[in-house]
Amino acid sequence: KAGVTQTPRYLIKTRGQQVTLSCSPISGHRSVSWYQQTPGQGLQFLFEYFSETQRNKGNFPGRFSGRQFSNSRSEMNVSTLELGDSALYLCASSLAGLAGKETQYFGPGTRLLVL
Amino acid sequence: DQQVKQNSPSLSVQEGRISILNCDYTNSMFDYFLWYKKYPAEGPTFLISISSIKDKNEDGRFTVFLNKSAKHLSLHIVPSQPGDSAVYFCAAYRPGNQFYFGTGTSLTVIP
């Protein structure tokens with residue numbers, strides 16, 4: 001079974017631009033969660049999507065948004081990029097989602113650098 | 001507001017000895033705890049979990065201990081092996097909410 005895939009793996013943008021990251025979950029998984037990892041903050045929860053609906057949201061500004069498609073693939077968008085958005089963005093998939101306390105399977109992440 | 005804290009950014013242990021990684025949390029609503037291991041250029045992988053109704057869970061060389069009164073979680077690895085060298089994250093789940101992760105502890109097992 002293929003694991004969670006994320007594209008692109010690396011990205012360089014400049015302040016003010018926007019970016020879209022993609023995540024393909026493990027086949028059959030309906031929940032996709034997104035996390036931001038920075039050295040000082042660890043993994044910070046952005047949001048969870050389940051069956052195309054946002055089910056949970058972390059404490060991030062509205063510049064961070066996401067969506068999920070009918071095939072469970074998910075995209076995350078960050079608009080008006082700031083230097084502080086430089087981070088590793090991880091997505092994780094699971095069968096029934098966070099509410100079921102299920103094991104999350106993480107992708108390798110997208111490394112975003114904002115200049 | 002960091003609700004899950006790993007106060008040791010790094011730990012070095014000799015091969016064959018015990019590794020003890022610690023995690024503290026502040027929210028008494030957490031009822032499920034996990035440890036993840038992360039190698040460079042890979043995503044975190046699930047290692048072991050424990051429910052708040054238990055105080056210990058064991059899986060091979062890995063044991064997780066939960067002290068609810070102290071709001072403290074620890075992961076013991078015995079014996080430690082060089083392949084265990086990785087960053088370890090603890091995470092806590094708040095029902096109806098989300099998982100909260102610590103900042104990670106980088107473990108180095110010296111051959």
# chains A, B, ... in the order shown; residues from 1 in each chain; ligands from 1

call {"tool": "interface_residues", "arguments": {"of": "chain A", "to": "chain B", "cutoff": "12 Å", "atoms": "only C-alpha atoms", "output": "compact mmCIF listing (two decimals) with N, CA and C atoms, in the first residue's frame"}}
result
# COMPACT_ATOMS: atom_id res chain seq x y z
N GLY A 3 2.22 4.94 0.63
CA GLY A 3 2.09 5.81 1.79
C GLY A 3 1.51 7.15 1.40
N VAL A 4 1.56 8.07 2.35
CA VAL A 4 1.09 9.44 2.12
C VAL A 4 2.13 10.17 1.28
N THR A 5 1.67 10.81 0.23
CA THR A 5 2.60 11.55 -0.62
C THR A 5 2.27 13.04 -0.57
N GLN A 6 3.32 13.84 -0.62
CA GLN A 6 3.16 15.28 -0.61
C GLN A 6 3.97 15.89 -1.74
N ARG A 9 8.12 18.69 -2.74
CA ARG A 9 8.89 18.43 -1.54
C ARG A 9 9.59 19.68 -1.02
N TYR A 10 9.97 20.54 -1.94
CA TYR A 10 10.65 21.78 -1.57
C TYR A 10 10.08 22.93 -2.39
N SER A 33 -5.09 15.56 7.82
CA SER A 33 -4.77 16.66 8.72
C SER A 33 -3.49 17.32 8.26
N TRP A 34 -3.39 18.60 8.52
CA TRP A 34 -2.19 19.36 8.14
C TRP A 34 -1.54 19.93 9.40
N TYR A 35 -0.21 19.90 9.39
CA TYR A 35 0.57 20.42 10.52
C TYR A 35 1.70 21.29 9.99
N GLN A 36 2.06 22.28 10.79
CA GLN A 36 3.24 23.09 10.51
C GLN A 36 4.31 22.74 11.54
N GLN A 37 5.51 22.41 11.07
CA GLN A 37 6.59 22.10 11.99
C GLN A 37 7.68 23.15 11.89
N THR A 38 7.96 23.80 13.01
CA THR A 38 9.07 24.74 13.11
C THR A 38 9.93 24.34 14.28
N PRO A 39 11.22 24.71 14.29
CA PRO A 39 12.12 24.25 15.34
C PRO A 39 11.65 24.59 16.75
N GLY A 40 11.14 25.78 16.95
CA GLY A 40 10.78 26.17 18.31
C GLY A 40 9.39 25.75 18.76
N GLN A 41 8.54 25.41 17.83
CA GLN A 41 7.13 25.15 18.15
C GLN A 41 6.71 23.71 17.96
N GLY A 42 7.57 22.88 17.41
CA GLY A 42 7.15 21.50 17.17
C GLY A 42 6.09 21.45 16.09
N LEU A 43 5.21 20.46 16.18
CA LEU A 43 4.14 20.32 15.19
C LEU A 43 2.91 21.07 15.69
N GLN A 44 2.45 21.99 14.88
CA GLN A 44 1.25 22.75 15.22
C GLN A 44 0.13 22.36 14.25
N PHE A 45 -1.01 22.03 14.82
CA PHE A 45 -2.16 21.58 14.04
C PHE A 45 -2.78 22.74 13.27
N LEU A 46 -2.96 22.53 11.97
CA LEU A 46 -3.59 23.55 11.13
C LEU A 46 -5.08 23.28 10.97
N PHE A 47 -5.42 22.14 10.38
CA PHE A 47 -6.81 21.74 10.22
C PHE A 47 -6.90 20.29 9.81
N GLU A 48 -8.13 19.76 9.95
CA GLU A 48 -8.43 18.40 9.53
C GLU A 48 -9.61 18.43 8.57
N ARG A 55 -13.26 19.58 9.59
CA ARG A 55 -13.85 19.08 10.83
C ARG A 55 -13.24 19.72 12.07
N ASN A 56 -12.00 20.16 11.93
CA ASN A 56 -11.31 20.77 13.07
C ASN A 56 -10.36 21.82 12.53
N LYS A 57 -10.12 22.84 13.32
CA LYS A 57 -9.22 23.89 12.88
C LYS A 57 -8.35 24.32 14.05
N GLY A 58 -7.07 24.52 13.78
CA GLY A 58 -6.15 25.01 14.79
C GLY A 58 -6.16 26.52 14.84
N ASN A 59 -5.20 27.05 15.57
CA ASN A 59 -5.16 28.49 15.82
C ASN A 59 -4.23 29.19 14.84
N LEU A 88 8.32 23.32 7.75
CA LEU A 88 8.00 22.03 7.13
C LEU A 88 6.51 21.81 7.32
N TYR A 89 5.80 21.59 6.24
CA TYR A 89 4.37 21.35 6.32
C TYR A 89 4.11 19.87 6.09
N LEU A 90 3.50 19.26 7.10
CA LEU A 90 3.25 17.83 7.08
C LEU A 90 1.76 17.56 6.95
N CYS A 91 1.42 16.57 6.17
CA CYS A 91 0.04 16.12 6.20
C CYS A 91 0.02 14.69 6.71
N ALA A 92 -1.08 14.33 7.29
CA ALA A 92 -1.24 12.99 7.87
C ALA A 92 -2.62 12.48 7.51
N SER A 93 -2.71 11.20 7.22
CA SER A 93 -4.02 10.63 6.91
C SER A 93 -4.36 9.52 7.89
N SER A 94 -5.66 9.30 8.03
CA SER A 94 -6.14 8.18 8.84
C SER A 94 -7.50 7.78 8.31
N GLY A 97 -10.23 9.48 11.16
CA GLY A 97 -9.96 10.84 11.61
C GLY A 97 -9.58 10.96 13.06
N LEU A 98 -9.35 12.21 13.46
CA LEU A 98 -8.84 12.51 14.78
C LEU A 98 -9.81 12.08 15.88
N ALA A 99 -11.10 12.20 15.63
CA ALA A 99 -12.08 11.88 16.67
C ALA A 99 -11.99 10.42 17.09
N GLY A 100 -11.52 9.57 16.18
CA GLY A 100 -11.39 8.15 16.51
C GLY A 100 -10.08 7.82 17.15
N LYS A 101 -9.27 8.83 17.40
CA LYS A 101 -7.94 8.65 17.99
C LYS A 101 -7.12 7.65 17.19
N GLU A 102 -7.37 7.61 15.91
CA GLU A 102 -6.67 6.63 15.09
C GLU A 102 -5.24 7.07 14.82
N THR A 103 -4.42 6.08 14.55
CA THR A 103 -3.04 6.36 14.18
C THR A 103 -3.02 7.19 12.91
N GLN A 104 -2.26 8.27 12.95
CA GLN A 104 -2.08 9.09 11.77
C GLN A 104 -0.81 8.65 11.05
N TYR A 105 -0.89 8.62 9.74
CA TYR A 105 0.25 8.27 8.91
C TYR A 105 0.70 9.55 8.20
N PHE A 106 1.95 9.92 8.46
CA PHE A 106 2.45 11.18 7.94
C PHE A 106 3.17 11.02 6.61
N GLY A 107 3.05 12.06 5.81
CA GLY A 107 3.85 12.16 4.60
C GLY A 107 5.22 12.73 4.95
N PRO A 108 6.12 12.83 3.96
CA PRO A 108 7.48 13.31 4.22
C PRO A 108 7.55 14.82 4.40
N GLY A 109 6.47 15.52 4.04
CA GLY A 109 6.45 16.96 4.24
C GLY A 109 6.86 17.77 3.03
N THR A 110 6.45 19.03 3.02
CA THR A 110 6.89 20.01 2.04
C THR A 110 7.66 21.08 2.80
N ARG A 111 8.91 21.28 2.41
CA ARG A 111 9.74 22.31 3.04
C ARG A 111 9.54 23.61 2.30

call {"tool": "residues_around", "arguments": {"residues": "B:Phe62", "least_positions_apart": "5", "cutoff": "7 Å", "atoms": "only C-alpha atoms", "output": "number ranges by chain"}}
result
B: 75-78

call {"tool": "select_by_dssp", "arguments": {"residues": "chain B", "states": "strand (DSSP E or B)", "output": "MDAnalysis selection string"}}
result
chainID B and resid 4:5 10:14 19:25 32:38 45:51 56:59 62:67 72:77 86:93 99:101 105:110
